[in-house]
Amino acid sequence: MSKSLFQHDRPDWERDGQGWPNRTSSRFVTAGGLRWHVQQMGAGPVLLMLHGTGAATHSWRDLMPLLAQQFTVIAPDLPGHGFTTAPAYAQMSLPGMATAVAALLATLGVTPELALGHSAGAAILIRLCLEGDIAPRGIISINGALLPWRGLPAHIFSPAAKLLAGNSLMSRLLAWRASNGREVERLVANTGSTLEPAGVELYRQLIRHPSHVRAALSMMANWNLDLIEQALPQLRTPLFLLVGEGDLTVSPREAQRVRELLPSAELITLPDLGHLAHEEQPTKVAALVCQIAERLAQARA
């Protein structure tokens with residue numbers, strides 16, 4: 001391993017953000033002891049968007065401008081991800097992440113009318129609602145990672161993440177491997193999604209930084225979805241489950257488990273799409289979000 005590959009532990013905005021998608025909509029905000037990278041565009045009701053583990057605002061690169069035609073869209077890089085600084089290891093938990101996002105929203109002075117989350121981002125939004133930190137008209141989950149792993153994965157992934165997250169050398173090794181584009185292509189393919197080369201390259205740019213890898217591992221190591229499973233029946237905010245039928249990261253069957261706990265949750269299937277459905281077909285996902293928003297507005301009228 002070349003020492004030069006480890007010169008830059010974390011992404012630097014001036015060095016690494018020059019070609020960042022929707023860069024002109026970016027700004028930096030200090031809230032809750034963190035320096036956040038936030039993107040905001042559009043006008044209208046506030047739509048809060050939270051990406052999943054290991055991603056960043058680049059995940060919304062094509063979807064965000066479409067939704068900005070109808071909403072004021074606000075999308076941060078989650079703590080430790082992308083260009084947002086990381087909190088202490090123990091704060092990379094579901095309650096810790098929700099508390100951090102709540103602090104950001106308070107500093108921004110915004111009240112989301114609608115919330116959209118991908119994978120773990122959807123779990124954070126549900127936690128925020130259950131804690132009373134936000135009260136949107138609805139939550140839209142794209143392939144939400146909302147319930148604890150079952151069976152063998154439950155006994156492997158969290159312990160493995162704890163082991164890897166506690167080893168800084170391992171984060172550097174994984175980041176070094178990401179310098180090989182083929183490794184990142186394989187990671188993306190394992191989600192069940194097919195992205196254009198430019199989309200894969202954006203993930204490579206992030207994963208080659210040890211700090212980003214460390215944040216993703218820390219998040220997985222600290223994640224306890226028992227909190228959502230236990231409280232989900234008390235959720236009063238309408239929940240919409242957009243589920244890619246080809247998702248290889250979060251099984252589409254998990255949505256049925258969610259509906260057993262919360263029968264009011266509405267399931268919308270996305271044929272032929274994987275875990276990164278919003279990156280594969282942003283126009284389709286944008287249309288669904290707008291349809292849901294219109295239904296919620298009509299129900300409230």
# chains A, B, ... in the order shown; residues from 1 in each chain; ligands from 1
>>> residues_around(residues="Gly244 in chain A", least_positions_apart="4", cutoff="6 Å", atoms="only C-alpha atoms", output="list in words")
Leu270, Leu273 and Gly274 of chain A
>>> residues_around(residues="Asp77 in chain A", least_positions_apart="3", cutoff="10 Å", atoms="only C-alpha atoms", output="ChimeraX atom specification")
/A:36-39,49-52,55-59,80-85
>>> closest_residue(among="A:Thr283, A:Ser218, A:Asn180, A:Asn143", to="Arg253 in chain A", atoms="only C-alpha atoms")
A:Asn143
>>> closest_residue(among="A:Ala301, A:Val213, A:Ile134, A:Leu248", to="Arg236 in chain A", atoms="only C-alpha atoms")
A:Ile134
>>> select_by_dssp(residues="range 187-299 of chain A", states="strand (DSSP E)", output="MDAnalysis selection string")
chainID A and resid 239:244 266:270
>>> select_by_dssp(residues="range 105-274 of chain A", states="alpha helix (DSSP H)", output="mmCIF file with C-alpha atoms, in the first residue's frame")
data_model
loop_
_atom_site.group_PDB
_atom_site.id
_atom_site.type_symbol
_atom_site.label_atom_id
_atom_site.label_comp_id
_atom_site.auth_asym_id
_atom_site.auth_seq_id
_atom_site.Cartn_x
_atom_site.Cartn_y
_atom_site.Cartn_z
ATOM 1 C CA LEU A 105 -32.915 21.668 11.654
ATOM 2 C CA ALA A 106 -33.162 23.952 14.691
ATOM 3 C CA THR A 107 -30.141 25.928 13.516
ATOM 4 C CA LEU A 108 -31.552 26.179 9.991
ATOM 5 C CA ALA A 120 -30.959 4.095 7.172
ATOM 6 C CA GLY A 121 -32.012 7.675 6.445
ATOM 7 C CA ALA A 122 -35.638 6.538 6.657
ATOM 8 C CA ALA A 123 -35.021 5.061 10.123
ATOM 9 C CA ILE A 124 -33.579 8.381 11.300
ATOM 10 C CA LEU A 125 -36.677 10.211 10.047
ATOM 11 C CA ILE A 126 -38.979 7.810 11.889
ATOM 12 C CA ARG A 127 -36.953 8.296 15.064
ATOM 13 C CA LEU A 128 -37.235 12.084 14.660
ATOM 14 C CA CYS A 129 -41.017 11.773 14.333
ATOM 15 C CA LEU A 130 -41.357 9.447 17.308
ATOM 16 C CA LEU A 152 -27.398 -15.264 10.494
ATOM 17 C CA PRO A 153 -26.859 -11.619 9.364
ATOM 18 C CA ALA A 154 -27.840 -10.445 12.846
ATOM 19 C CA HIS A 155 -24.998 -12.484 14.320
ATOM 20 C CA ILE A 156 -22.418 -11.439 11.740
ATOM 21 C CA PHE A 157 -22.805 -7.890 10.452
ATOM 22 C CA SER A 158 -23.010 -5.837 13.641
ATOM 23 C CA PRO A 159 -20.155 -7.670 15.438
ATOM 24 C CA ALA A 160 -18.044 -7.470 12.281
ATOM 25 C CA ALA A 161 -18.766 -3.739 11.931
ATOM 26 C CA LYS A 162 -17.782 -3.176 15.576
ATOM 27 C CA LEU A 163 -14.493 -4.970 14.991
ATOM 28 C CA LEU A 164 -13.734 -3.083 11.773
ATOM 29 C CA ALA A 165 -14.832 0.321 13.057
ATOM 30 C CA SER A 168 -8.289 2.524 12.004
ATOM 31 C CA LEU A 169 -5.939 0.497 9.843
ATOM 32 C CA MET A 170 -8.896 -1.469 8.489
ATOM 33 C CA SER A 171 -10.663 1.739 7.448
ATOM 34 C CA ARG A 172 -7.526 2.772 5.615
ATOM 35 C CA LEU A 173 -7.216 -0.625 3.972
ATOM 36 C CA LEU A 174 -10.814 -0.521 2.739
ATOM 37 C CA ALA A 175 -10.312 3.015 1.469
ATOM 38 C CA TRP A 176 -7.161 1.920 -0.338
ATOM 39 C CA ARG A 177 -9.077 -0.905 -2.013
ATOM 40 C CA GLY A 181 -12.761 1.293 -9.489
ATOM 41 C CA ARG A 182 -13.638 -2.352 -9.989
ATOM 42 C CA GLU A 183 -14.095 -2.817 -6.240
ATOM 43 C CA VAL A 184 -16.617 0.022 -6.103
ATOM 44 C CA GLU A 185 -18.402 -1.311 -9.184
ATOM 45 C CA ARG A 186 -18.748 -4.612 -7.355
ATOM 46 C CA LEU A 187 -20.111 -2.913 -4.232
ATOM 47 C CA VAL A 188 -22.727 -1.056 -6.262
ATOM 48 C CA ALA A 189 -23.692 -4.182 -8.200
ATOM 49 C CA PRO A 197 -20.095 5.261 -14.608
ATOM 50 C CA ALA A 198 -20.264 8.830 -13.269
ATOM 51 C CA GLY A 199 -22.440 7.653 -10.367
ATOM 52 C CA VAL A 200 -20.044 4.836 -9.508
ATOM 53 C CA GLU A 201 -17.143 7.284 -9.623
ATOM 54 C CA LEU A 202 -18.805 9.539 -7.038
ATOM 55 C CA TYR A 203 -19.007 6.606 -4.623
ATOM 56 C CA ARG A 204 -15.351 5.819 -5.341
ATOM 57 C CA GLN A 205 -14.364 9.394 -4.547
ATOM 58 C CA LEU A 206 -16.006 9.075 -1.135
ATOM 59 C CA ILE A 207 -14.961 5.557 -0.203
ATOM 60 C CA PRO A 210 -10.769 6.515 5.421
ATOM 61 C CA SER A 211 -12.957 8.959 7.396
ATOM 62 C CA HIS A 212 -15.978 8.181 5.219
ATOM 63 C CA VAL A 213 -15.412 4.431 5.513
ATOM 64 C CA ARG A 214 -14.966 4.791 9.276
ATOM 65 C CA ALA A 215 -18.264 6.671 9.563
ATOM 66 C CA ALA A 216 -20.164 4.010 7.644
ATOM 67 C CA LEU A 217 -18.664 1.233 9.793
ATOM 68 C CA SER A 218 -19.298 3.182 13.003
ATOM 69 C CA MET A 219 -22.902 3.720 12.015
ATOM 70 C CA MET A 220 -23.434 0.020 11.315
ATOM 71 C CA ALA A 221 -21.669 -0.944 14.545
ATOM 72 C CA ASN A 222 -23.860 1.340 16.668
ATOM 73 C CA ASP A 226 -34.956 -2.594 18.019
ATOM 74 C CA LEU A 227 -35.813 1.008 18.904
ATOM 75 C CA ILE A 228 -37.832 1.374 15.705
ATOM 76 C CA GLU A 229 -39.378 -2.094 15.890
ATOM 77 C CA GLN A 230 -40.680 -1.461 19.409
ATOM 78 C CA ALA A 231 -42.067 2.015 18.710
ATOM 79 C CA GLU A 254 -38.873 -6.518 4.994
ATOM 80 C CA ALA A 255 -41.608 -4.089 3.935
ATOM 81 C CA GLN A 256 -44.182 -6.728 4.798
ATOM 82 C CA ARG A 257 -42.672 -6.990 8.277
ATOM 83 C CA VAL A 258 -43.071 -3.225 8.637
ATOM 84 C CA ARG A 259 -46.714 -3.442 7.598
ATOM 85 C CA GLU A 260 -47.370 -6.155 10.183
ATOM 86 C CA LEU A 261 -46.299 -3.653 12.841
#
>>> closest_residue(among="A:Ala86, A:Arg15, A:Leu94, A:Asn22", to="Asn224 in chain A", atoms="only C-alpha atoms")
A:Leu94
>>> closest_residue(among="A:Ala299, A:Arg208, A:Val73, A:Tyr89", to="Asp9 in chain A", atoms="only C-alpha atoms")
A:Arg208
>>> closest_residue(among="A:Ile74, A:Val110, A:Leu262, A:Ile140", to="Leu241 in chain A", atoms="only C-alpha atoms")
A:Ile140
>>> closest_residue(among="A:Gln18, A:Ser193, A:Thr269, A:Gln70", to="Ile142 in chain A", atoms="only C-alpha atoms")
A:Thr269
>>> residues_around(residues="Gly33 in chain A", least_positions_apart="4", cutoff="12 Å", atoms="only C-alpha atoms", output="ChimeraX atom specification")
/A:29,79,84-88,91,99-101,103-104,107
>>> write_last_selection(atoms="all heavy atoms", output="JSON list (two decimals), in the first residue's frame")
[["chain", "number", "residue", "atom", "x", "y", "z"],
["A", 29, "VAL", "N", -22.81, 24.65, 7.57],
["A", 29, "VAL", "CA", -23.53, 25.14, 8.74],
["A", 29, "VAL", "C", -22.99, 24.44, 9.98],
["A", 29, "VAL", "O", -22.79, 23.22, 9.97],
["A", 29, "VAL", "CB", -25.05, 24.84, 8.62],
["A", 29, "VAL", "CG1", -25.79, 25.32, 9.86],
["A", 29, "VAL", "CG2", -25.63, 25.47, 7.36],
["A", 79, "PRO", "N", -23.74, 12.92, 9.62],
["A", 79, "PRO", "CA", -22.50, 13.02, 10.39],
["A", 79, "PRO", "C", -21.44, 11.99, 9.97],
["A", 79, "PRO", "O", -21.73, 10.80, 9.84],
["A", 79, "PRO", "CB", -22.97, 12.76, 11.83],
["A", 79, "PRO", "CG", -24.36, 13.32, 11.85],
["A", 79, "PRO", "CD", -24.93, 12.96, 10.50],
["A", 84, "THR", "N", -19.40, 16.36, 5.92],
["A", 84, "THR", "CA", -19.82, 16.70, 7.29],
["A", 84, "THR", "C", -18.87, 16.04, 8.28],
["A", 84, "THR", "O", -18.51, 14.87, 8.12],
["A", 84, "THR", "CB", -21.26, 16.24, 7.56],
["A", 84, "THR", "OG1", -22.16, 16.97, 6.71],
["A", 84, "THR", "CG2", -21.67, 16.48, 9.01],
["A", 85, "THR", "N", -18.47, 16.78, 9.30],
["A", 85, "THR", "CA", -17.54, 16.23, 10.29],
["A", 85, "THR", "C", -18.22, 15.13, 11.13],
["A", 85, "THR", "O", -19.45, 15.05, 11.19],
["A", 85, "THR", "CB", -16.99, 17.32, 11.22],
["A", 85, "THR", "OG1", -18.09, 17.99, 11.87],
["A", 85, "THR", "CG2", -16.18, 18.35, 10.43],
["A", 86, "ALA", "N", -17.41, 14.31, 11.76],
["A", 86, "ALA", "CA", -17.92, 13.17, 12.52],
["A", 86, "ALA", "C", -17.99, 13.50, 14.01],
["A", 86, "ALA", "O", -17.11, 14.16, 14.56],
["A", 86, "ALA", "CB", -17.02, 11.96, 12.31],
["A", 87, "PRO", "N", -19.02, 13.01, 14.70],
["A", 87, "PRO", "CA", -19.09, 13.13, 16.16],
["A", 87, "PRO", "C", -18.29, 12.01, 16.80],
["A", 87, "PRO", "O", -17.63, 11.22, 16.12],
["A", 87, "PRO", "CB", -20.59, 12.98, 16.43],
["A", 87, "PRO", "CG", -21.03, 12.01, 15.37],
["A", 87, "PRO", "CD", -20.19, 12.33, 14.14],
["A", 88, "ALA", "N", -18.40, 11.88, 18.10],
["A", 88, "ALA", "CA", -17.77, 10.77, 18.80],
["A", 88, "ALA", "C", -18.39, 9.45, 18.33],
["A", 88, "ALA", "O", -19.55, 9.41, 17.91],
["A", 88, "ALA", "CB", -17.96, 10.93, 20.31],
["A", 91, "GLN", "N", -21.88, 8.38, 19.27],
["A", 91, "GLN", "CA", -22.98, 9.19, 18.74],
["A", 91, "GLN", "C", -23.38, 8.78, 17.33],
["A", 91, "GLN", "O", -24.34, 9.33, 16.78],
["A", 91, "GLN", "CB", -22.59, 10.67, 18.76],
["A", 91, "GLN", "CG", -22.38, 11.24, 20.15],
["A", 91, "GLN", "CD", -23.59, 11.05, 21.04],
["A", 91, "GLN", "OE1", -24.70, 11.41, 20.68],
["A", 91, "GLN", "NE2", -23.37, 10.45, 22.21],
["A", 99, "THR", "N", -30.61, 12.99, 17.00],
["A", 99, "THR", "CA", -30.37, 14.20, 17.79],
["A", 99, "THR", "C", -29.55, 15.21, 17.01],
["A", 99, "THR", "O", -29.81, 16.42, 17.05],
["A", 99, "THR", "CB", -29.63, 13.83, 19.10],
["A", 99, "THR", "OG1", -30.47, 12.97, 19.88],
["A", 99, "THR", "CG2", -29.29, 15.07, 19.91],
["A", 100, "ALA", "N", -28.55, 14.72, 16.26],
["A", 100, "ALA", "CA", -27.72, 15.61, 15.46],
["A", 100, "ALA", "C", -28.53, 16.29, 14.36],
["A", 100, "ALA", "O", -28.40, 17.50, 14.12],
["A", 100, "ALA", "CB", -26.56, 14.83, 14.86],
["A", 101, "VAL", "N", -29.38, 15.53, 13.68],
["A", 101, "VAL", "CA", -30.20, 16.12, 12.61],
["A", 101, "VAL", "C", -31.18, 17.13, 13.20],
["A", 101, "VAL", "O", -31.43, 18.19, 12.61],
["A", 101, "VAL", "CB", -30.94, 15.02, 11.82],
["A", 101, "VAL", "CG1", -31.92, 15.64, 10.84],
["A", 101, "VAL", "CG2", -29.95, 14.13, 11.08],
["A", 103, "ALA", "N", -30.70, 19.01, 15.77],
["A", 103, "ALA", "CA", -29.93, 20.23, 16.05],
["A", 103, "ALA", "C", -29.69, 21.02, 14.77],
["A", 103, "ALA", "O", -29.76, 22.26, 14.76],
["A", 103, "ALA", "CB", -28.60, 19.86, 16.70],
["A", 104, "LEU", "N", -29.43, 20.33, 13.67],
["A", 104, "LEU", "CA", -29.24, 21.00, 12.39],
["A", 104, "LEU", "C", -30.51, 21.73, 11.96],
["A", 104, "LEU", "O", -30.47, 22.90, 11.55],
["A", 104, "LEU", "CB", -28.83, 19.99, 11.31],
["A", 104, "LEU", "CG", -28.77, 20.54, 9.88],
["A", 104, "LEU", "CD1", -27.70, 21.61, 9.75],
["A", 104, "LEU", "CD2", -28.54, 19.40, 8.89],
["A", 107, "THR", "N", -31.04, 24.85, 13.94],
["A", 107, "THR", "CA", -30.14, 25.93, 13.52],
["A", 107, "THR", "C", -30.59, 26.53, 12.19],
["A", 107, "THR", "O", -30.53, 27.76, 12.00],
["A", 107, "THR", "CB", -28.71, 25.39, 13.38],
["A", 107, "THR", "OG1", -28.26, 24.92, 14.66],
["A", 107, "THR", "CG2", -27.75, 26.46, 12.87]]
